[in-house]
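With PDB, C-alpha atoms inside, this is target.pdb:
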ATOM      1  CA  MET A  99      59.016   1.069 -38.711  1.00  0.00           C
ATOM      2  CA  SER A 100      55.748   2.215 -37.221  1.00  0.00           C
ATOM      3  CA  ILE A 101      52.674   0.232 -38.246  1.00  0.00           C
ATOM      4  CA  GLU A 102      50.327   3.203 -38.083  1.00  0.00           C
ATOM      5  CA  SER A 103      51.114   6.831 -38.758  1.00  0.00           C
ATOM      6  CA  LEU A 104      49.346   9.993 -39.835  1.00  0.00           C
ATOM      7  CA  ASN A 105      52.453  11.342 -41.590  1.00  0.00           C
ATOM      8  CA  VAL A 106      51.431  14.760 -40.341  1.00  0.00           C
ATOM      9  CA  LYS A 107      53.951  17.527 -41.037  1.00  0.00           C
ATOM     10  CA  ASP A 108      56.302  15.121 -42.772  1.00  0.00           C
ATOM     11  CA  LEU A 109      56.634  16.811 -46.137  1.00  0.00           C
ATOM     12  CA  ARG A 110      58.839  14.163 -47.731  1.00  0.00           C
ATOM     13  CA  SER A 111      57.038  11.041 -46.613  1.00  0.00           C
ATOM     14  CA  PHE A 112      55.172   8.875 -49.108  1.00  0.00           C
ATOM     15  CA  ILE A 113      51.634   7.517 -48.886  1.00  0.00           C
ATOM     16  CA  PHE A 114      50.567   5.245 -51.716  1.00  0.00           C
ATOM     17  CA  SER A 115      48.165   2.626 -52.961  1.00  0.00           C
ATOM     18  CA  ILE A 116      49.023  -0.242 -55.310  1.00  0.00           C
ATOM     19  CA  ASP A 117      47.318  -2.483 -57.851  1.00  0.00           C
ATOM     20  CA  ASN A 118      44.553   0.096 -58.454  1.00  0.00           C
ATOM     21  CA  SER A 119      43.131  -0.679 -55.006  1.00  0.00           C
ATOM     22  CA  SER A 120      41.962   1.809 -52.397  1.00  0.00           C
ATOM     23  CA  GLU A 121      42.989  -0.477 -49.548  1.00  0.00           C
ATOM     24  CA  PRO A 122      45.357  -1.109 -47.975  1.00  0.00           C
ATOM     25  CA  VAL A 123      47.271   2.144 -48.041  1.00  0.00           C
ATOM     26  CA  TYR A 124      51.032   1.966 -47.581  1.00  0.00           C
ATOM     27  CA  GLN A 125      53.506   4.495 -46.277  1.00  0.00           C
ATOM     28  CA  VAL A 126      57.194   5.223 -45.980  1.00  0.00           C
ATOM     29  CA  GLU A 127      58.059   8.016 -43.580  1.00  0.00           C
ATOM     30  CA  SER A 128      60.901  10.326 -44.580  1.00  0.00           C
ATOM     31  CA  LYS A 129      63.011   9.316 -41.598  1.00  0.00           C
ATOM     32  CA  HIS A 130      62.915   5.754 -42.932  1.00  0.00           C
ATOM     33  CA  TRP A 131      64.094   6.465 -46.465  1.00  0.00           C
ATOM     34  CA  ALA A 132      66.486   9.404 -46.176  1.00  0.00           C
ATOM     35  CA  ARG A 133      69.129   7.603 -44.133  1.00  0.00           C
ATOM     36  CA  GLY A 134      72.678   7.331 -45.388  1.00  0.00           C
ATOM     37  CA  ALA A 135      72.313   3.550 -45.504  1.00  0.00           C
ATOM     38  CA  ASP A 136      69.622   3.947 -48.173  1.00  0.00           C
ATOM     39  CA  ARG A 137      71.708   6.238 -50.384  1.00  0.00           C
ATOM     40  CA  TRP A 138      73.129   4.559 -53.476  1.00  0.00           C
ATOM     41  CA  ALA A 139      76.009   5.895 -55.513  1.00  0.00           C
ATOM     42  CA  PRO A 140      75.039   6.780 -59.101  1.00  0.00           C
ATOM     43  CA  GLU A 141      77.187   3.959 -60.444  1.00  0.00           C
ATOM     44  CA  GLU A 142      75.149   1.482 -58.383  1.00  0.00           C
ATOM     45  CA  ILE A 143      71.993   2.527 -60.227  1.00  0.00           C
ATOM     46  CA  PRO A 144      71.426   0.744 -63.570  1.00  0.00           C
ATOM     47  CA  SER A 145      72.286   2.975 -66.512  1.00  0.00           C
ATOM     48  CA  GLU A 146      68.749   2.647 -67.912  1.00  0.00           C
ATOM     49  CA  ILE A 147      67.347   4.180 -64.727  1.00  0.00           C
ATOM     50  CA  ARG A 148      69.841   7.028 -64.852  1.00  0.00           C
ATOM     51  CA  ALA A 149      68.822   7.639 -68.464  1.00  0.00           C
ATOM     52  CA  LYS A 150      65.138   7.658 -67.436  1.00  0.00           C
ATOM     53  CA  VAL A 151      65.912  10.177 -64.686  1.00  0.00           C
ATOM     54  CA  ALA A 152      67.558  12.431 -67.281  1.00  0.00           C
ATOM     55  CA  GLU A 153      64.321  12.219 -69.319  1.00  0.00           C
ATOM     56  CA  LEU A 154      62.257  13.135 -66.254  1.00  0.00           C
ATOM     57  CA  GLU A 155      64.445  16.143 -65.612  1.00  0.00           C
ATOM     58  CA  ARG A 156      63.851  17.294 -69.196  1.00  0.00           C
ATOM     59  CA  ASN A 157      60.103  16.656 -69.387  1.00  0.00           C
ATOM     60  CA  GLY A 158      59.143  17.528 -65.798  1.00  0.00           C
ATOM     61  CA  LYS A 159      57.144  14.335 -65.177  1.00  0.00           C
ATOM     62  CA  PRO A 160      57.090  12.950 -61.637  1.00  0.00           C
ATOM     63  CA  GLY A 161      58.301   9.446 -62.331  1.00  0.00           C
ATOM     64  CA  ALA A 162      58.081   6.270 -64.354  1.00  0.00           C
ATOM     65  CA  PHE A 163      57.769   2.535 -64.016  1.00  0.00           C
ATOM     66  CA  VAL A 164      60.881   0.615 -65.051  1.00  0.00           C
ATOM     67  CA  ARG A 165      60.475  -3.076 -65.866  1.00  0.00           C
ATOM     68  CA  PHE A 166      63.025  -5.770 -65.193  1.00  0.00           C
ATOM     69  CA  PRO A 167      64.418  -7.889 -68.044  1.00  0.00           C
ATOM     70  CA  GLU A 168      61.714 -10.039 -69.671  1.00  0.00           C
ATOM     71  CA  GLU A 169      59.276  -9.349 -66.799  1.00  0.00           C
ATOM     72  CA  ASP A 170      56.203  -7.245 -66.106  1.00  0.00           C
ATOM     73  CA  ASP A 171      57.424  -6.443 -62.592  1.00  0.00           C
ATOM     74  CA  GLY A 172      59.957  -3.781 -61.764  1.00  0.00           C
ATOM     75  CA  VAL A 173      60.509  -0.596 -59.777  1.00  0.00           C
ATOM     76  CA  TYR A 174      59.126   2.917 -59.710  1.00  0.00           C
ATOM     77  CA  VAL A 175      61.554   5.764 -60.277  1.00  0.00           C
ATOM     78  CA  LEU A 176      60.538   9.099 -58.732  1.00  0.00           C
ATOM     79  CA  CYS A 177      61.997  12.503 -59.513  1.00  0.00           C
ATOM     80  CA  GLU A 178      61.194  14.116 -56.182  1.00  0.00           C
ATOM     81  CA  LYS A 179      61.370  17.742 -57.297  1.00  0.00           C
ATOM     82  CA  ASN A 180      58.806  17.035 -60.061  1.00  0.00           C
ATOM     83  CA  ILE A 181      56.039  15.850 -57.698  1.00  0.00           C
ATOM     84  CA  LYS A 182      53.511  18.676 -57.734  1.00  0.00           C
ATOM     85  CA  MET A 183      50.180  19.528 -56.154  1.00  0.00           C
ATOM     86  CA  LEU A 184      48.241  18.561 -59.273  1.00  0.00           C
ATOM     87  CA  PRO A 185      48.195  14.911 -60.349  1.00  0.00           C
ATOM     88  CA  GLU A 186      50.241  13.918 -63.354  1.00  0.00           C
ATOM     89  CA  ALA A 187      50.677  10.731 -65.343  1.00  0.00           C
ATOM     90  CA  ALA A 188      53.982   8.928 -65.439  1.00  0.00           C
ATOM     91  CA  ASP A 189      56.458   9.027 -68.228  1.00  0.00           C
ATOM     92  CA  ALA A 190      56.638   6.064 -70.609  1.00  0.00           C
ATOM     93  CA  ASP A 191      57.943   2.812 -69.157  1.00  0.00           C
ATOM     94  CA  GLY A 192      61.624   2.086 -69.050  1.00  0.00           C
ATOM     95  CA  VAL A 193      63.267  -1.345 -69.265  1.00  0.00           C
ATOM     96  CA  ILE A 194      66.403  -2.525 -67.482  1.00  0.00           C
ATOM     97  CA  THR A 195      68.472  -4.897 -69.600  1.00  0.00           C
ATOM     98  CA  SER A 196      70.278  -6.505 -66.668  1.00  0.00           C
ATOM     99  CA  LEU A 197      70.423  -6.302 -62.870  1.00  0.00           C
ATOM    100  CA  PRO A 198      74.066  -6.681 -61.846  1.00  0.00           C
ATOM    101  CA  GLU A 199      75.017  -6.755 -58.186  1.00  0.00           C
ATOM    102  CA  THR A 200      76.688  -3.530 -57.037  1.00  0.00           C
ATOM    103  CA  ASN A 201      80.077  -3.201 -55.402  1.00  0.00           C
ATOM    104  CA  GLN A 202      78.201  -2.964 -52.107  1.00  0.00           C
ATOM    105  CA  GLY A 203      76.680  -6.397 -52.695  1.00  0.00           C
ATOM    106  CA  ARG A 204      73.147  -5.114 -53.267  1.00  0.00           C
ATOM    107  CA  HIS A 205      70.798  -5.023 -56.237  1.00  0.00           C
ATOM    108  CA  LEU A 206      67.325  -3.747 -56.990  1.00  0.00           C
ATOM    109  CA  SER A 207      64.376  -6.006 -56.221  1.00  0.00           C
ATOM    110  CA  HIS A 208      60.761  -6.120 -57.372  1.00  0.00           C
ATOM    111  CA  TYR A 209      58.723  -3.274 -55.904  1.00  0.00           C
ATOM    112  CA  ASP A 210      61.633  -1.143 -54.748  1.00  0.00           C
ATOM    113  CA  ILE A 211      61.169   2.623 -55.127  1.00  0.00           C
ATOM    114  CA  VAL A 212      64.108   4.599 -56.500  1.00  0.00           C
ATOM    115  CA  ILE A 213      64.138   8.277 -55.528  1.00  0.00           C
ATOM    116  CA  TYR A 214      66.156  10.886 -57.368  1.00  0.00           C
ATOM    117  CA  CYS A 215      65.926  13.336 -54.534  1.00  0.00           C
ATOM    118  CA  LYS A 216      65.972  17.056 -53.971  1.00  0.00           C
ATOM    119  CA  ALA A 217      68.037  18.884 -51.395  1.00  0.00           C
ATOM    120  CA  GLY A 218      66.568  19.082 -47.927  1.00  0.00           C
ATOM    121  CA  THR A 219      66.609  18.058 -44.294  1.00  0.00           C
ATOM    122  CA  VAL A 220      64.757  15.211 -42.604  1.00  0.00           C
ATOM    123  CA  GLN A 221      64.421  14.740 -38.857  1.00  0.00           C
ATOM    124  CA  ALA A 222      65.458  11.325 -37.549  1.00  0.00           C
ATOM    125  CA  GLU A 223      63.729   9.434 -34.768  1.00  0.00           C
ATOM    126  CA  ASP A 224      66.398  10.422 -32.236  1.00  0.00           C
ATOM    127  CA  GLY A 225      66.058  14.136 -32.992  1.00  0.00           C
ATOM    128  CA  SER A 226      69.103  14.378 -35.221  1.00  0.00           C
ATOM    129  CA  THR A 227      68.776  15.261 -38.898  1.00  0.00           C
ATOM    130  CA  TYR A 228      69.553  13.716 -42.262  1.00  0.00           C
ATOM    131  CA  ASN A 229      70.533  15.951 -45.148  1.00  0.00           C
ATOM    132  CA  THR A 230      69.928  15.038 -48.761  1.00  0.00           C
ATOM    133  CA  GLU A 231      71.487  16.732 -51.751  1.00  0.00           C
ATOM    134  CA  GLU A 232      69.812  17.249 -55.093  1.00  0.00           C
ATOM    135  CA  GLY A 233      70.773  14.528 -57.521  1.00  0.00           C
ATOM    136  CA  GLU A 234      71.418  11.823 -54.926  1.00  0.00           C
ATOM    137  CA  TYR A 235      69.754   8.433 -55.298  1.00  0.00           C
ATOM    138  CA  TYR A 236      67.914   6.732 -52.441  1.00  0.00           C
ATOM    139  CA  VAL A 237      66.267   3.325 -52.661  1.00  0.00           C
ATOM    140  CA  ILE A 238      63.197   2.360 -50.616  1.00  0.00           C
ATOM    141  CA  ARG A 239      63.369  -1.405 -50.342  1.00  0.00           C
ATOM    142  CA  TYR A 240      60.149  -3.342 -50.911  1.00  0.00           C
ATOM    143  CA  ASN A 241      60.252  -4.889 -47.437  1.00  0.00           C
ATOM    144  CA  THR A 242      60.318  -1.563 -45.596  1.00  0.00           C
ATOM    145  CA  TRP A 243      56.856  -0.353 -46.512  1.00  0.00           C
ATOM    146  CA  GLY A 244      54.599   0.336 -43.533  1.00  0.00           C
ATOM    147  CA  ARG A 245      50.818   0.446 -43.320  1.00  0.00           C
ATOM    148  CA  TYR A 246      49.096   3.801 -43.192  1.00  0.00           C
ATOM    149  CA  VAL A 247      46.534   4.335 -40.415  1.00  0.00           C
ATOM    150  CA  LEU A 248      44.304   1.295 -40.418  1.00  0.00           C
ATOM    151  CA  ARG A 249      41.379   3.158 -38.850  1.00  0.00           C
ATOM    152  CA  GLN A 250      39.544   5.127 -41.534  1.00  0.00           C
ATOM    153  CA  ASP A 251      38.244   7.720 -39.074  1.00  0.00           C
ATOM    154  CA  MET A 252      41.799   8.652 -38.060  1.00  0.00           C
ATOM    155  CA  ARG A 253      42.956   9.576 -41.558  1.00  0.00           C
ATOM    156  CA  PRO A 254      43.218  13.256 -42.418  1.00  0.00           C
ATOM    157  CA  LYS A 255      40.530  13.953 -44.976  1.00  0.00           C
ATOM    158  CA  ASP A 256      42.918  15.623 -47.416  1.00  0.00           C
ATOM    159  CA  VAL A 257      44.889  12.404 -47.797  1.00  0.00           C
ATOM    160  CA  ALA A 258      41.779  10.291 -48.273  1.00  0.00           C
ATOM    161  CA  THR A 259      40.421  12.735 -50.851  1.00  0.00           C
ATOM    162  CA  THR A 260      43.735  12.909 -52.673  1.00  0.00           C
ATOM    163  CA  ARG A 261      43.946   9.139 -52.852  1.00  0.00           C
ATOM    164  CA  GLU A 262      40.427   8.873 -54.249  1.00  0.00           C
ATOM    165  CA  VAL A 263      41.197  11.524 -56.866  1.00  0.00           C
ATOM    166  CA  LEU A 264      44.186   9.468 -57.967  1.00  0.00           C
ATOM    167  CA  ASN A 265      42.098   6.304 -58.200  1.00  0.00           C
ATOM    168  CA  LEU A 266      39.398   8.107 -60.181  1.00  0.00           C
ATOM    169  CA  LEU A 267      41.912   9.520 -62.648  1.00  0.00           C
ATOM    170  CA  GLN A 268      43.433   6.072 -62.974  1.00  0.00           C
ATOM    171  CA  ARG A 269      40.057   4.588 -63.877  1.00  0.00           C
ATOM    172  CA  LEU A 270      39.250   7.377 -66.328  1.00  0.00           C
ATOM    173  CA  HIS A 271      42.554   7.569 -68.126  1.00  0.00           C
ATOM    174  CA  GLY A 272      44.168   4.168 -67.636  1.00  0.00           C
ATOM    175  CA  LYS A 273      47.532   5.623 -66.737  1.00  0.00           C
ATOM    176  CA  ASP A 274      49.807   3.596 -64.526  1.00  0.00           C
ATOM    177  CA  PHE A 275      51.097   6.376 -62.284  1.00  0.00           C
ATOM    178  CA  LEU A 276      49.582   9.522 -60.865  1.00  0.00           C
ATOM    179  CA  SER A 277      51.026  11.575 -58.047  1.00  0.00           C
ATOM    180  CA  MET A 278      50.301  14.680 -56.064  1.00  0.00           C
ATOM    181  CA  THR A 279      50.741  16.306 -52.695  1.00  0.00           C
ATOM    182  CA  PRO A 280      47.923  17.821 -50.619  1.00  0.00           C
ATOM    183  CA  ASP A 281      50.202  20.647 -49.497  1.00  0.00           C
ATOM    184  CA  LYS A 282      49.128  24.120 -50.503  1.00  0.00           C
ATOM    185  CA  PRO A 283      51.755  25.764 -52.707  1.00  0.00           C
ATOM    186  CA  ASP A 284      53.452  28.970 -51.595  1.00  0.00           C
ATOM    187  CA  GLU A 285      51.301  31.834 -52.786  1.00  0.00           C
ATOM    188  CA  ARG A 286      52.293  35.412 -53.473  1.00  0.00           C
ATOM    189  CA  VAL A 287      49.581  37.681 -52.089  1.00  0.00           C
ATOM    190  CA  PRO A 288      49.169  41.478 -51.967  1.00  0.00           C
ATOM    191  CA  PRO A 289      50.851  42.967 -48.863  1.00  0.00           C
ATOM    192  CA  ASP A 290      47.542  44.320 -47.514  1.00  0.00           C
ATOM    193  CA  MET A 291      45.892  40.877 -47.374  1.00  0.00           C
ATOM    194  CA  VAL A 292      45.376  39.155 -44.043  1.00  0.00           C
ATOM    195  CA  GLU A 293      47.682  36.201 -43.474  1.00  0.00           C
ATOM    196  CA  PRO A 294      45.837  32.870 -43.908  1.00  0.00           C
ATOM    197  CA  THR A 295      45.193  30.789 -40.829  1.00  0.00           C
ATOM    198  CA  ASP A 296      46.677  27.322 -40.499  1.00  0.00           C
ATOM    199  CA  ALA A 297      44.458  24.385 -41.307  1.00  0.00           C
ATOM    200  CA  ILE A 298      43.344  22.237 -38.377  1.00  0.00           C
ATOM    201  CA  VAL A 299      44.963  19.191 -39.962  1.00  0.00           C
ATOM    202  CA  ALA A 300      48.094  19.817 -41.986  1.00  0.00           C
ATOM    203  CA  CYS A 301      49.092  16.616 -43.702  1.00  0.00           C
ATOM    204  CA  ASN A 302      52.308  17.207 -45.584  1.00  0.00           C
ATOM    205  CA  CYS A 303      53.288  14.248 -47.723  1.00  0.00           C
ATOM    206  CA  TYR A 304      53.489  12.862 -51.222  1.00  0.00           C
ATOM    207  CA  VAL A 305      50.455  10.825 -52.278  1.00  0.00           C
ATOM    208  CA  LEU A 306      51.153   8.276 -55.026  1.00  0.00           C
ATOM    209  CA  ASN A 307      49.284   5.669 -56.993  1.00  0.00           C
ATOM    210  CA  LEU A 308      51.811   2.916 -57.693  1.00  0.00           C
ATOM    211  CA  ALA A 309      49.332   0.944 -59.767  1.00  0.00           C
ATOM    212  CA  ARG A 310      51.881  -1.382 -61.342  1.00  0.00           C
ATOM    213  CA  PHE A 311      52.932  -2.886 -58.025  1.00  0.00           C
ATOM    214  CA  LYS A 312      51.100  -6.154 -57.294  1.00  0.00           C
ATOM    215  CA  ARG A 313      52.625  -6.989 -53.935  1.00  0.00           C
TER
END
Just dump the structure as structure tokens.
Amino acid sequence: MSIESLNVKDLRSFIFSIDNSSEPVYQVESKHWARGADRWAPEEIPSEIRAKVAELERNGKPGAFVRFPEEDDGVYVLCEKNIKMLPEAADADGVITSLPETNQGRHLSHYDIVIYCKAGTVQAEDGSTYNTEEGEYYVIRYNTWGRYVLRQDMRPKDVATTREVLNLLQRLHGKDFLSMTPDKPDERVPPDMVEPTDAIVACNCYVLNLARFKR
């Protein structure tokens, strides 16, 4: 995985901070999480997480923190289609009662990110594409996080601003999860209006505040 990236024009990549800290900033590019190897069958996902996902689908919240048995650590569960331009707090915590090993010989670990994804296409490093279907589960393992652009002056300003907004809201409201994307939503405009020009820097990504991670 790349050590530094701008995540420019990578709509389904993730940029996030942890532990209520502004630095460092972590990233997972879409081509690194949407691979078939990272897709888990629903039966491999603990039932408590599947129940939490059903809650997220009903209430429209972007995600939740799910704790492991008798621990404060755990995983974040994201409902990808619910991540919106405006920041939102997480749903109430969930708790997993046990962490059995799956038939594939794998199990969730501290600081993994579980994505209940939407349908879409992701371009791989070799130019091929990955396709995800709505309702599939993907797991970003804790040891695959990268670092997001170490040089401050290289970061697109919309990402830096978004991150600071998340940190401010965290301090004001004490919520453990806030998320947003700096992408402009599709707008319906009158037919006689001039088409908007593209921004100089278009940073398409999800910006998250995974405050409960203490890595």
Stretch 194-196 of chain A: which residues within 7 Å, counting all atoms listed in the file, same-chain residues fewer than 2 positions away excluded, as a count of residues only?
7
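Taking atom CA of A:Ser111 and atom CA of A:Gly203 as the two end points, the separation is 27.0 Å.
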If you apply the PyMOL selection byres ((chain A and resi 117) around 12) to this file, what residues do you get, as a PDB file with C-alpha atoms, in the frame of the given file?
ATOM      1  CA  PHE A 114      50.567   5.245 -51.716  1.00  0.00           C
ATOM      2  CA  SER A 115      48.165   2.626 -52.961  1.00  0.00           C
ATOM      3  CA  ILE A 116      49.023  -0.242 -55.310  1.00  0.00           C
ATOM      4  CA  ASN A 118      44.553   0.096 -58.454  1.00  0.00           C
ATOM      5  CA  SER A 119      43.131  -0.679 -55.006  1.00  0.00           C
ATOM      6  CA  SER A 120      41.962   1.809 -52.397  1.00  0.00           C
ATOM      7  CA  GLU A 121      42.989  -0.477 -49.548  1.00  0.00           C
ATOM      8  CA  PRO A 122      45.357  -1.109 -47.975  1.00  0.00           C
ATOM      9  CA  VAL A 123      47.271   2.144 -48.041  1.00  0.00           C
ATOM     10  CA  TYR A 124      51.032   1.966 -47.581  1.00  0.00           C
ATOM     11  CA  ASP A 171      57.424  -6.443 -62.592  1.00  0.00           C
ATOM     12  CA  TYR A 209      58.723  -3.274 -55.904  1.00  0.00           C
ATOM     13  CA  ASN A 265      42.098   6.304 -58.200  1.00  0.00           C
ATOM     14  CA  GLN A 268      43.433   6.072 -62.974  1.00  0.00           C
ATOM     15  CA  ARG A 269      40.057   4.588 -63.877  1.00  0.00           C
ATOM     16  CA  ASP A 274      49.807   3.596 -64.526  1.00  0.00           C
ATOM     17  CA  PHE A 275      51.097   6.376 -62.284  1.00  0.00           C
ATOM     18  CA  LEU A 306      51.153   8.276 -55.026  1.00  0.00           C
ATOM     19  CA  ASN A 307      49.284   5.669 -56.993  1.00  0.00           C
ATOM     20  CA  LEU A 308      51.811   2.916 -57.693  1.00  0.00           C
ATOM     21  CA  ALA A 309      49.332   0.944 -59.767  1.00  0.00           C
ATOM     22  CA  ARG A 310      51.881  -1.382 -61.342  1.00  0.00           C
ATOM     23  CA  PHE A 311      52.932  -2.886 -58.025  1.00  0.00           C
ATOM     24  CA  LYS A 312      51.100  -6.154 -57.294  1.00  0.00           C
ATOM     25  CA  ARG A 313      52.625  -6.989 -53.935  1.00  0.00           C
TER      26      ARG A 313
END
A:Gln125 surroundings by all atoms listed in the file, 6 Å radius, close-in-sequence under 6 positions cut, as a ChimeraX atom specification
/A:112-113,243-246
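In this comparison, which uses all atoms listed in the file, the residue of A:Val193, A:Leu276, A:Ile143, A:Ile211 approaching A:Thr242 most closely is A:Ile211.
Between atom CA of A:Val220 and atom CA of A:Asn201 the separation is 27.2 Å.
Between atom CA of A:Asn180 and atom CA of A:Gly158 there is a distance of 5.8 Å.
Restricting the calculation to only C-alpha atoms, the smallest distance between A:Leu267 and any of A:Ala190, A:Tyr214, A:Glu223, A:Pro185 is found for A:Pro185.
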Enumerate, as number ranges by chain, the residues matched when the PyMOL selection byres ((chain A and resi 152) around 12) is run on the file above.
A: 145-151, 153-162, 175-177, 189, 214, 233
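Ranking A:Val212, A:Val173, A:Val263, A:Ala217 by their shortest atom-to-atom distance to A:Arg110, with only C-alpha atoms included, puts A:Ala217 first.
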Any idea what's packed within 12 Å of A:Lys129, counting all atoms listed in the file, ignoring anything in its chain fewer than 3 positions away? Could you give it as a short mmCIF file (atom, residue, chain, number, x, y, z; two decimals) with C-alpha atoms, in the coordinates of the input?
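So the final result, stored in around-v1.cif, reads:
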data_model
loop_
_atom_site.label_atom_id
_atom_site.label_comp_id
_atom_site.auth_asym_id
_atom_site.auth_seq_id
_atom_site.Cartn_x
_atom_site.Cartn_y
_atom_site.Cartn_z
CA MET A 99 59.02 1.07 -38.71
CA SER A 100 55.75 2.22 -37.22
CA ASN A 105 52.45 11.34 -41.59
CA ASP A 108 56.30 15.12 -42.77
CA LEU A 109 56.63 16.81 -46.14
CA ARG A 110 58.84 14.16 -47.73
CA SER A 111 57.04 11.04 -46.61
CA PHE A 112 55.17 8.88 -49.11
CA GLN A 125 53.51 4.50 -46.28
CA VAL A 126 57.19 5.22 -45.98
CA ALA A 132 66.49 9.40 -46.18
CA ARG A 133 69.13 7.60 -44.13
CA GLY A 134 72.68 7.33 -45.39
CA ALA A 135 72.31 3.55 -45.50
CA ASP A 136 69.62 3.95 -48.17
CA THR A 219 66.61 18.06 -44.29
CA VAL A 220 64.76 15.21 -42.60
CA GLN A 221 64.42 14.74 -38.86
CA ALA A 222 65.46 11.32 -37.55
CA GLU A 223 63.73 9.43 -34.77
CA ASP A 224 66.40 10.42 -32.24
CA GLY A 225 66.06 14.14 -32.99
CA SER A 226 69.10 14.38 -35.22
CA THR A 227 68.78 15.26 -38.90
CA TYR A 228 69.55 13.72 -42.26
CA ASN A 229 70.53 15.95 -45.15
CA THR A 230 69.93 15.04 -48.76
CA ILE A 238 63.20 2.36 -50.62
CA THR A 242 60.32 -1.56 -45.60
#
